[in-house]
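K.L.:
What follows is run_10.pdb; its format and atoms are PDB, C-alpha atoms.
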```pdb
ATOM      1  CA  MET A   1      72.193 136.384  77.730
ATOM      2  CA  GLN A   2      71.151 139.782  76.289
ATOM      3  CA  VAL A   3      70.492 141.242  79.739
ATOM      4  CA  CYS A   4      74.134 140.719  80.725
ATOM      5  CA  ILE A   5      75.304 142.708  77.727
ATOM      6  CA  ASN A   6      72.857 145.616  77.647
ATOM      7  CA  ALA A   7      71.434 146.139  81.157
ATOM      8  CA  GLN A   8      72.944 148.685  83.571
ATOM      9  CA  THR A   9      73.595 145.670  85.781
ATOM     10  CA  PRO A  10      71.818 142.320  85.776
ATOM     11  CA  PHE A  11      72.444 142.064  89.502
ATOM     12  CA  GLU A  12      69.916 144.843  90.149
ATOM     13  CA  ILE A  13      67.290 142.707  88.425
ATOM     14  CA  ILE A  14      68.415 139.612  90.343
ATOM     15  CA  ARG A  15      68.187 141.433  93.690
ATOM     16  CA  LYS A  16      64.644 142.579  92.872
ATOM     17  CA  ASN A  17      63.728 139.036  91.851
ATOM     18  CA  ILE A  18      65.127 137.676  95.116
ATOM     19  CA  VAL A  19      62.940 140.111  97.086
ATOM     20  CA  SER A  20      59.888 138.981  95.097
ATOM     21  CA  SER A  21      60.925 135.291  95.313
ATOM     22  CA  ASN A  22      61.191 135.041  91.530
ATOM     23  CA  HIS A  23      63.978 132.484  91.823
ATOM     24  CA  GLN A  24      63.600 130.839  88.441
ATOM     25  CA  ASN A  25      64.015 134.109  86.569
ATOM     26  CA  SER A  26      67.041 134.949  88.717
ATOM     27  CA  LEU A  27      68.684 131.633  87.878
ATOM     28  CA  SER A  28      68.009 132.149  84.164
ATOM     29  CA  ILE A  29      69.720 135.556  84.229
ATOM     30  CA  ILE A  30      72.644 134.227  86.268
ATOM     31  CA  ASP A  31      73.178 131.273  83.938
ATOM     32  CA  SER A  32      73.168 133.686  80.997
ATOM     33  CA  CYS A  33      75.805 135.794  82.720
ATOM     34  CA  LEU A  34      77.954 132.754  83.450
ATOM     35  CA  LYS A  35      77.643 131.625  79.840
ATOM     36  CA  VAL A  36      79.196 134.887  78.594
ATOM     37  CA  GLN A  37      81.599 134.993  81.594
ATOM     38  CA  TYR A  38      80.106 138.219  82.935
ATOM     39  CA  GLN A  39      81.584 138.993  86.392
ATOM     40  CA  ILE A  40      81.859 135.288  87.153
ATOM     41  CA  ASP A  41      82.600 135.682  90.873
ATOM     42  CA  SER A  42      79.530 137.868  91.487
ATOM     43  CA  SER A  43      77.365 135.670  89.247
ATOM     44  CA  MET A  44      78.385 132.597  91.231
ATOM     45  CA  TYR A  45      77.724 134.461  94.472
ATOM     46  CA  TYR A  46      74.188 135.389  93.427
ATOM     47  CA  LYS A  47      73.530 131.855  92.264
ATOM     48  CA  GLY A  48      74.437 130.590  95.729
ATOM     49  CA  LEU A  49      72.261 133.275  97.306
ATOM     50  CA  VAL A  50      69.277 132.290  95.153
ATOM     51  CA  TYR A  51      69.759 128.645  96.163
ATOM     52  CA  ILE A  52      69.689 129.692  99.831
ATOM     53  CA  LYS A  53      66.570 131.794  99.341
ATOM     54  CA  ASN A  54      65.013 128.791  97.612
ATOM     55  CA  ASN A  55      65.963 126.592 100.630
ATOM     56  CA  ASN A  56      68.216 124.415  98.471
ATOM     57  CA  ILE A  57      71.055 124.278 100.983
ATOM     58  CA  LYS A  58      72.769 121.330  99.291
ATOM     59  CA  LEU A  59      73.253 123.239  96.014
ATOM     60  CA  ALA A  60      74.071 126.441  97.918
ATOM     61  CA  THR A  61      76.841 124.652  99.815
ATOM     62  CA  LYS A  62      78.251 123.191  96.603
ATOM     63  CA  GLN A  63      78.183 126.627  94.964
ATOM     64  CA  CYS A  64      79.877 128.207  97.983
ATOM     65  CA  ILE A  65      82.704 125.646  97.945
ATOM     66  CA  THR A  66      83.258 126.096  94.201
ATOM     67  CA  LEU A  67      83.237 129.901  94.517
ATOM     68  CA  HIS A  68      85.770 129.839  97.357
ATOM     69  CA  LYS A  69      88.109 127.508  95.459
ATOM     70  CA  LYS A  70      87.951 129.532  92.269
ATOM     71  CA  TYR A  71      87.995 133.001  93.865
ATOM     72  CA  PRO A  72      89.552 132.672  97.355
ATOM     73  CA  ASN A  73      89.766 136.470  97.742
ATOM     74  CA  PHE A  74      86.076 137.070  97.026
ATOM     75  CA  TYR A  75      85.194 137.863 100.612
ATOM     76  CA  GLU A  76      81.397 137.773 100.235
ATOM     77  CA  VAL A  77      81.655 133.996 100.061
ATOM     78  CA  HIS A  78      81.665 134.286 103.866
ATOM     79  CA  TYR A  79      78.216 135.882 103.669
ATOM     80  CA  LEU A  80      76.917 132.848 101.791
ATOM     81  CA  ASN A  81      78.547 130.492 104.253
ATOM     82  CA  GLY A  82      77.155 132.479 107.181
ATOM     83  CA  LEU A  83      73.629 132.042 105.825
ATOM     84  CA  ILE A  84      74.217 128.347 105.124
ATOM     85  CA  CYS A  85      75.531 127.745 108.648
ATOM     86  CA  PHE A  86      72.582 129.645 110.104
ATOM     87  CA  SER A  87      70.131 127.459 108.168
ATOM     88  CA  GLN A  88      71.902 124.411 109.620
ATOM     89  CA  ASN A  89      71.630 125.805 113.191
ATOM     90  CA  LYS A  90      75.421 126.224 113.339
ATOM     91  CA  PHE A  91      75.089 129.621 114.959
ATOM     92  CA  PHE A  92      78.658 129.938 116.327
ATOM     93  CA  LYS A  93      80.029 129.224 112.859
ATOM     94  CA  SER A  94      77.516 131.639 111.348
ATOM     95  CA  VAL A  95      78.729 134.412 113.679
ATOM     96  CA  SER A  96      82.315 133.590 112.723
ATOM     97  CA  GLU A  97      81.588 133.858 108.985
ATOM     98  CA  PHE A  98      79.755 137.179 109.254
ATOM     99  CA  SER A  99      82.560 138.474 111.497
ATOM    100  CA  LYS A 100      85.052 137.866 108.675
ATOM    101  CA  ILE A 101      83.062 140.187 106.445
ATOM    102  CA  ILE A 102      82.685 142.833 109.161
ATOM    103  CA  LYS A 103      86.440 142.734 109.836
ATOM    104  CA  ILE A 104      87.050 143.628 106.190
ATOM    105  CA  ASN A 105      84.134 146.061 105.948
ATOM    106  CA  PRO A 106      82.868 147.320 109.336
ATOM    107  CA  ASN A 107      80.097 149.230 107.546
ATOM    108  CA  ASP A 108      78.487 146.172 105.985
ATOM    109  CA  ALA A 109      74.978 146.640 107.405
ATOM    110  CA  LYS A 110      73.762 143.397 105.833
ATOM    111  CA  ALA A 111      76.439 141.340 107.618
ATOM    112  CA  LEU A 112      75.860 143.172 110.910
ATOM    113  CA  TYR A 113      72.133 142.472 110.717
ATOM    114  CA  ASN A 114      72.594 138.781 109.976
ATOM    115  CA  ARG A 115      75.236 138.380 112.677
ATOM    116  CA  SER A 116      72.813 139.945 115.156
ATOM    117  CA  ILE A 117      70.236 137.275 114.320
ATOM    118  CA  ALA A 118      72.820 134.543 114.892
ATOM    119  CA  TYR A 119      73.794 136.159 118.220
ATOM    120  CA  GLY A 120      70.120 136.173 119.178
ATOM    121  CA  LYS A 121      69.869 132.441 118.481
ATOM    122  CA  LEU A 122      72.846 131.979 120.813
ATOM    123  CA  GLU A 123      70.963 134.008 123.469
ATOM    124  CA  ASP A 124      73.726 136.618 123.320
ATOM    125  CA  TYR A 125      71.261 139.481 123.357
ATOM    126  CA  ASP A 126      73.709 142.239 124.273
ATOM    127  CA  ASP A 127      75.884 141.533 121.222
ATOM    128  CA  ALA A 128      72.775 141.148 119.068
ATOM    129  CA  ILE A 129      71.563 144.605 120.086
ATOM    130  CA  ALA A 130      75.073 146.081 119.697
ATOM    131  CA  ASP A 131      75.203 144.830 116.101
ATOM    132  CA  LEU A 132      71.768 146.289 115.410
ATOM    133  CA  ASP A 133      72.879 149.613 116.908
ATOM    134  CA  SER A 134      75.838 149.642 114.514
ATOM    135  CA  CYS A 135      73.623 148.596 111.624
ATOM    136  CA  LEU A 136      71.193 151.456 112.260
ATOM    137  CA  LYS A 137      73.989 154.025 112.483
ATOM    138  CA  ILE A 138      74.889 153.016 108.934
ATOM    139  CA  ASN A 139      71.302 152.795 107.688
ATOM    140  CA  PRO A 140      68.764 154.485 110.012
ATOM    141  CA  ASN A 141      65.870 153.267 107.839
ATOM    142  CA  TYR A 142      66.776 149.571 107.983
ATOM    143  CA  GLU A 143      63.279 148.359 108.833
ATOM    144  CA  MET A 144      64.088 144.827 109.956
ATOM    145  CA  ALA A 145      66.978 146.050 112.103
ATOM    146  CA  HIS A 146      64.556 148.297 113.998
ATOM    147  CA  TYR A 147      62.085 145.427 114.275
ATOM    148  CA  SER A 148      64.691 142.953 115.517
ATOM    149  CA  ARG A 149      66.063 145.437 118.038
ATOM    150  CA  ALA A 150      62.536 146.069 119.300
ATOM    151  CA  TYR A 151      62.045 142.322 119.691
ATOM    152  CA  TRP A 152      65.214 141.828 121.736
ATOM    153  CA  LEU A 153      64.632 144.962 123.813
ATOM    154  CA  GLU A 154      61.126 143.694 124.568
ATOM    155  CA  TYR A 155      62.566 140.312 125.522
ATOM    156  CA  LEU A 156      64.950 142.047 127.944
ATOM    157  CA  GLY A 157      62.092 144.042 129.489
ATOM    158  CA  LYS A 158      63.215 147.386 128.024
ATOM    159  CA  TYR A 159      59.697 148.209 126.937
ATOM    160  CA  LYS A 160      59.933 151.949 126.327
ATOM    161  CA  GLU A 161      62.959 151.528 124.058
ATOM    162  CA  ALA A 162      61.210 148.686 122.241
ATOM    163  CA  ILE A 163      58.135 150.888 121.746
ATOM    164  CA  GLU A 164      60.275 153.521 120.012
ATOM    165  CA  ASP A 165      61.632 150.950 117.563
ATOM    166  CA  TYR A 166      58.207 149.472 116.800
ATOM    167  CA  GLN A 167      56.911 152.984 116.114
ATOM    168  CA  ILE A 168      59.789 153.631 113.720
ATOM    169  CA  VAL A 169      59.044 150.373 111.899
ATOM    170  CA  ILE A 170      55.437 151.457 111.399
ATOM    171  CA  ARG A 171      56.534 154.861 110.094
ATOM    172  CA  ILE A 172      58.860 153.167 107.603
ATOM    173  CA  ASP A 173      56.327 150.509 106.602
ATOM    174  CA  PRO A 174      52.699 151.135 107.638
ATOM    175  CA  MET A 175      51.854 147.617 106.424
ATOM    176  CA  ASN A 176      54.170 145.833 108.888
ATOM    177  CA  PHE A 177      51.401 144.411 111.058
ATOM    178  CA  ASP A 178      53.774 142.466 113.310
ATOM    179  CA  ALA A 179      55.069 145.816 114.531
ATOM    180  CA  TYR A 180      51.518 146.967 115.339
ATOM    181  CA  PHE A 181      50.903 143.836 117.385
ATOM    182  CA  GLY A 182      54.222 144.161 119.217
ATOM    183  CA  LEU A 183      53.480 147.793 119.979
ATOM    184  CA  ALA A 184      49.925 147.115 121.187
ATOM    185  CA  TYR A 185      51.162 144.269 123.378
ATOM    186  CA  LEU A 186      53.729 146.528 125.063
ATOM    187  CA  PHE A 187      51.206 149.300 125.678
ATOM    188  CA  ASN A 188      48.976 146.645 127.219
ATOM    189  CA  ILE A 189      51.770 145.492 129.529
ATOM    190  CA  LEU A 190      52.353 149.104 130.596
ATOM    191  CA  LYS A 191      48.599 149.459 131.329
ATOM    192  CA  GLU A 192      48.262 152.082 128.605
ATOM    193  CA  ASN A 193      45.126 150.433 127.291
ATOM    194  CA  GLU A 194      43.836 153.371 125.273
ATOM    195  CA  LYS A 195      47.098 153.543 123.316
ATOM    196  CA  ALA A 196      47.002 149.776 122.756
ATOM    197  CA  CYS A 197      43.483 150.052 121.377
ATOM    198  CA  ASP A 198      44.494 152.959 119.110
ATOM    199  CA  VAL A 199      47.329 150.873 117.653
ATOM    200  CA  ILE A 200      44.976 147.972 116.897
ATOM    201  CA  ASN A 201      42.464 150.343 115.291
ATOM    202  CA  ASN A 202      45.229 151.794 113.127
ATOM    203  CA  ALA A 203      46.186 148.282 112.033
ATOM    204  CA  ILE A 204      42.558 147.618 111.123
ATOM    205  CA  LEU A 205      42.466 150.841 109.078
ATOM    206  CA  MET A 206      45.537 149.600 107.192
ATOM    207  CA  GLY A 207      43.719 146.379 106.346
ATOM    208  CA  SER A 208      44.789 143.807 108.946
ATOM    209  CA  GLN A 209      42.190 141.048 109.371
ATOM    210  CA  ILE A 210      44.062 139.649 112.384
ATOM    211  CA  ALA A 211      43.819 143.057 114.088
ATOM    212  CA  THR A 212      40.054 142.948 113.598
ATOM    213  CA  GLU A 213      39.954 139.584 115.342
ATOM    214  CA  LEU A 214      42.162 140.894 118.185
ATOM    215  CA  LYS A 215      40.271 144.136 118.742
ATOM    216  CA  GLU A 216      38.045 142.743 121.462
ATOM    217  CA  SER A 217      41.113 141.753 123.506
ATOM    218  CA  PHE A 218      42.766 145.162 123.264
ATOM    219  CA  CYS A 219      39.761 147.511 123.221
ATOM    220  CA  LYS A 220      37.744 146.805 126.350
TER     221      LYS A 220
END
```
The structure in this file should be written as C-alpha cells.
P.N.:
Amino acid sequence: MQVCINAQTPFEIIRKNIVSSNHQNSLSIIDSCLKVQYQIDSSMYYKGLVYIKNNNIKLATKQCITLHKKYPNFYEVHYLNGLICFSQNKFFKSVSEFSKIIKINPNDAKALYNRSIAYGKLEDYDDAIADLDSCLKINPNYEMAHYSRAYWLEYLGKYKEAIEDYQIVIRIDPMNFDAYFGLAYLFNILKENEKACDVINNAILMGSQIATELKESFCK
C-alpha cells in the first residue's frame, strides 16, 4: 500500500515488472492501489494486462468486462480486449478493438504495433506494414516494429528493405539474435555469402550459441 502513496507512480514499477515477468509483485502493488482507491481505472487496467501477460485469459476477460462497466469512457479497455481477442485467435475483432484506440489517439504506437500483428495473422500484409510505418514515424527506435516490418517485407520478397530493418534492429539491440539470423538468411538468398558469414560471426561474438552451430552452413 505504501508504494501507492509515496512512489512517483506505481505504474512505472508495474510496467518494469511486466517486462521482467514479475507478475506476482505487479499484482501485489495493484491490489494495494485498489485497496486505497488509487487511480482505480488505471489500476484495474494494469491488473487485466498482468493477467494477459500471465496467460490467464479467463481472469483478464472478467477484469476487462468489470472495467468497461465501471468506467465506460476509459478507452484503453479496448487495448485489453484487443489483446484478449488476439489470444483467442479472433483477429478481426482484435483489429476492431485496436482501431477504436487509434481513432481516439492516432499516435498510439502501442496500438498500431499490436494491430499490425493482428493484420499479419489475417494475411493482410499491406495494412500490417502500413501500421508499422506509422508506428515507426512516432517512435523510430521501436525495436519490435522494425523487426516485424522486416519479417513481413521478407515474406513479400522485398529483401533489401527487410535487410535495412534487420540492421536497424541489431543497432538498437545487439543481442537480438533473431535479427542476425534473418539478416544472414537474406544475404544468403541474395548470394552475398561473405556478408552472411560476417553476420553470423558477429552473432557469435555477441554470445549466440545457435550462431556457432549455424556457422558451417553460412561460412563455406
K.L.:
Quick one: residues within 12 Å of segment 89-101 of chain A, only C-alpha atoms, excluding same-chain residues fewer than 6 positions away - as number ranges by chain?
P.N.:
A: 73-83, 107-124, 127-128, 131
K.L.:
Can I get the selection written as a PDB file, keeping the file's coordinate frame, with C-alpha atoms?
P.N.:
```pdb
ATOM      1  CA  ASN A  73      89.766 136.470  97.742  1.00  0.00           C
ATOM      2  CA  PHE A  74      86.076 137.070  97.026  1.00  0.00           C
ATOM      3  CA  TYR A  75      85.194 137.863 100.612  1.00  0.00           C
ATOM      4  CA  GLU A  76      81.397 137.773 100.235  1.00  0.00           C
ATOM      5  CA  VAL A  77      81.655 133.996 100.061  1.00  0.00           C
ATOM      6  CA  HIS A  78      81.665 134.286 103.866  1.00  0.00           C
ATOM      7  CA  TYR A  79      78.216 135.882 103.669  1.00  0.00           C
ATOM      8  CA  LEU A  80      76.917 132.848 101.791  1.00  0.00           C
ATOM      9  CA  ASN A  81      78.547 130.492 104.253  1.00  0.00           C
ATOM     10  CA  GLY A  82      77.155 132.479 107.181  1.00  0.00           C
ATOM     11  CA  LEU A  83      73.629 132.042 105.825  1.00  0.00           C
ATOM     12  CA  ASN A 107      80.097 149.230 107.546  1.00  0.00           C
ATOM     13  CA  ASP A 108      78.487 146.172 105.985  1.00  0.00           C
ATOM     14  CA  ALA A 109      74.978 146.640 107.405  1.00  0.00           C
ATOM     15  CA  LYS A 110      73.762 143.397 105.833  1.00  0.00           C
ATOM     16  CA  ALA A 111      76.439 141.340 107.618  1.00  0.00           C
ATOM     17  CA  LEU A 112      75.860 143.172 110.910  1.00  0.00           C
ATOM     18  CA  TYR A 113      72.133 142.472 110.717  1.00  0.00           C
ATOM     19  CA  ASN A 114      72.594 138.781 109.976  1.00  0.00           C
ATOM     20  CA  ARG A 115      75.236 138.380 112.677  1.00  0.00           C
ATOM     21  CA  SER A 116      72.813 139.945 115.156  1.00  0.00           C
ATOM     22  CA  ILE A 117      70.236 137.275 114.320  1.00  0.00           C
ATOM     23  CA  ALA A 118      72.820 134.543 114.892  1.00  0.00           C
ATOM     24  CA  TYR A 119      73.794 136.159 118.220  1.00  0.00           C
ATOM     25  CA  GLY A 120      70.120 136.173 119.178  1.00  0.00           C
ATOM     26  CA  LYS A 121      69.869 132.441 118.481  1.00  0.00           C
ATOM     27  CA  LEU A 122      72.846 131.979 120.813  1.00  0.00           C
ATOM     28  CA  GLU A 123      70.963 134.008 123.469  1.00  0.00           C
ATOM     29  CA  ASP A 124      73.726 136.618 123.320  1.00  0.00           C
ATOM     30  CA  ASP A 127      75.884 141.533 121.222  1.00  0.00           C
ATOM     31  CA  ALA A 128      72.775 141.148 119.068  1.00  0.00           C
ATOM     32  CA  ASP A 131      75.203 144.830 116.101  1.00  0.00           C
TER      33      ASP A 131
END
```
K.L.:
For Thr9 of chain A, work out the shell of residues within 12 Å, counting all atoms listed in the file and skipping chain neighbours fewer than 6 positions away, then give it as a list in words.
P.N.:
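Listing them by chain and then by number gives Gln2, Val3, Arg15, Lys16, Ile29, Ile30, Cys33, Tyr38, Gln39, Ser42 and Ser43 of chain A.
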K.L.:
Need to verify the contact set: segment 198-211 of chain A, 12 Å, all atoms listed in the file, exclusion of same-chain residues closer than 2 positions in sequence. Can you return it as JSON, numbers by chain?
P.N.:
{"A": [163, 166, 167, 170, 173, 174, 175, 176, 177, 178, 179, 180, 181, 182, 183, 184, 185, 186, 187, 188, 192, 193, 194, 195, 196, 213, 214, 215, 216, 217, 218, 219, 220]}
K.L.:
List the residues matched by the PyMOL selection byres ((chain A and resi 139-144) around 9) in the displayed structure as an MDAnalysis selection string, ordered by chain and then by residue number.
P.N.:
chainID A and resid 109 113 134:138 145:149 168:170 172:173
K.L.:
Calculate how many Å separate atom CA of Ser28 of chain A from atom CA of Ile14 of chain A, rounding to one decimal.
P.N.:
9.7 Å
K.L.:
For the atom pair atom CA of Thr66 of chain A and atom CA of Cys85 of chain A, what is the interatomic distance in Å to one decimal place?
P.N.:
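Atom CA of Cys85 of chain A lies 16.5 Å from atom CA of Thr66 of chain A.
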K.L.:
Skipping near chain neighbours, those fewer than 4 positions away, what residues fall within 12 Å of Leu27 of chain A using all atoms listed in the file, listed as a CSV table (one decimal) with C-alpha atoms, keeping the file's coordinate frame?
P.N.:
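Contents of result_27.csv, freshly written:
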```
chain,number,residue,atom,x,y,z
A,1,MET,CA,72.2,136.4,77.7
A,10,PRO,CA,71.8,142.3,85.8
A,11,PHE,CA,72.4,142.1,89.5
A,13,ILE,CA,67.3,142.7,88.4
A,14,ILE,CA,68.4,139.6,90.3
A,15,ARG,CA,68.2,141.4,93.7
A,17,ASN,CA,63.7,139.0,91.9
A,18,ILE,CA,65.1,137.7,95.1
A,21,SER,CA,60.9,135.3,95.3
A,22,ASN,CA,61.2,135.0,91.5
A,23,HIS,CA,64.0,132.5,91.8
A,31,ASP,CA,73.2,131.3,83.9
A,32,SER,CA,73.2,133.7,81.0
A,33,CYS,CA,75.8,135.8,82.7
A,34,LEU,CA,78.0,132.8,83.4
A,43,SER,CA,77.4,135.7,89.2
A,44,MET,CA,78.4,132.6,91.2
A,45,TYR,CA,77.7,134.5,94.5
A,46,TYR,CA,74.2,135.4,93.4
A,47,LYS,CA,73.5,131.9,92.3
A,48,GLY,CA,74.4,130.6,95.7
A,49,LEU,CA,72.3,133.3,97.3
A,50,VAL,CA,69.3,132.3,95.2
A,51,TYR,CA,69.8,128.6,96.2
A,53,LYS,CA,66.6,131.8,99.3
A,54,ASN,CA,65.0,128.8,97.6
```
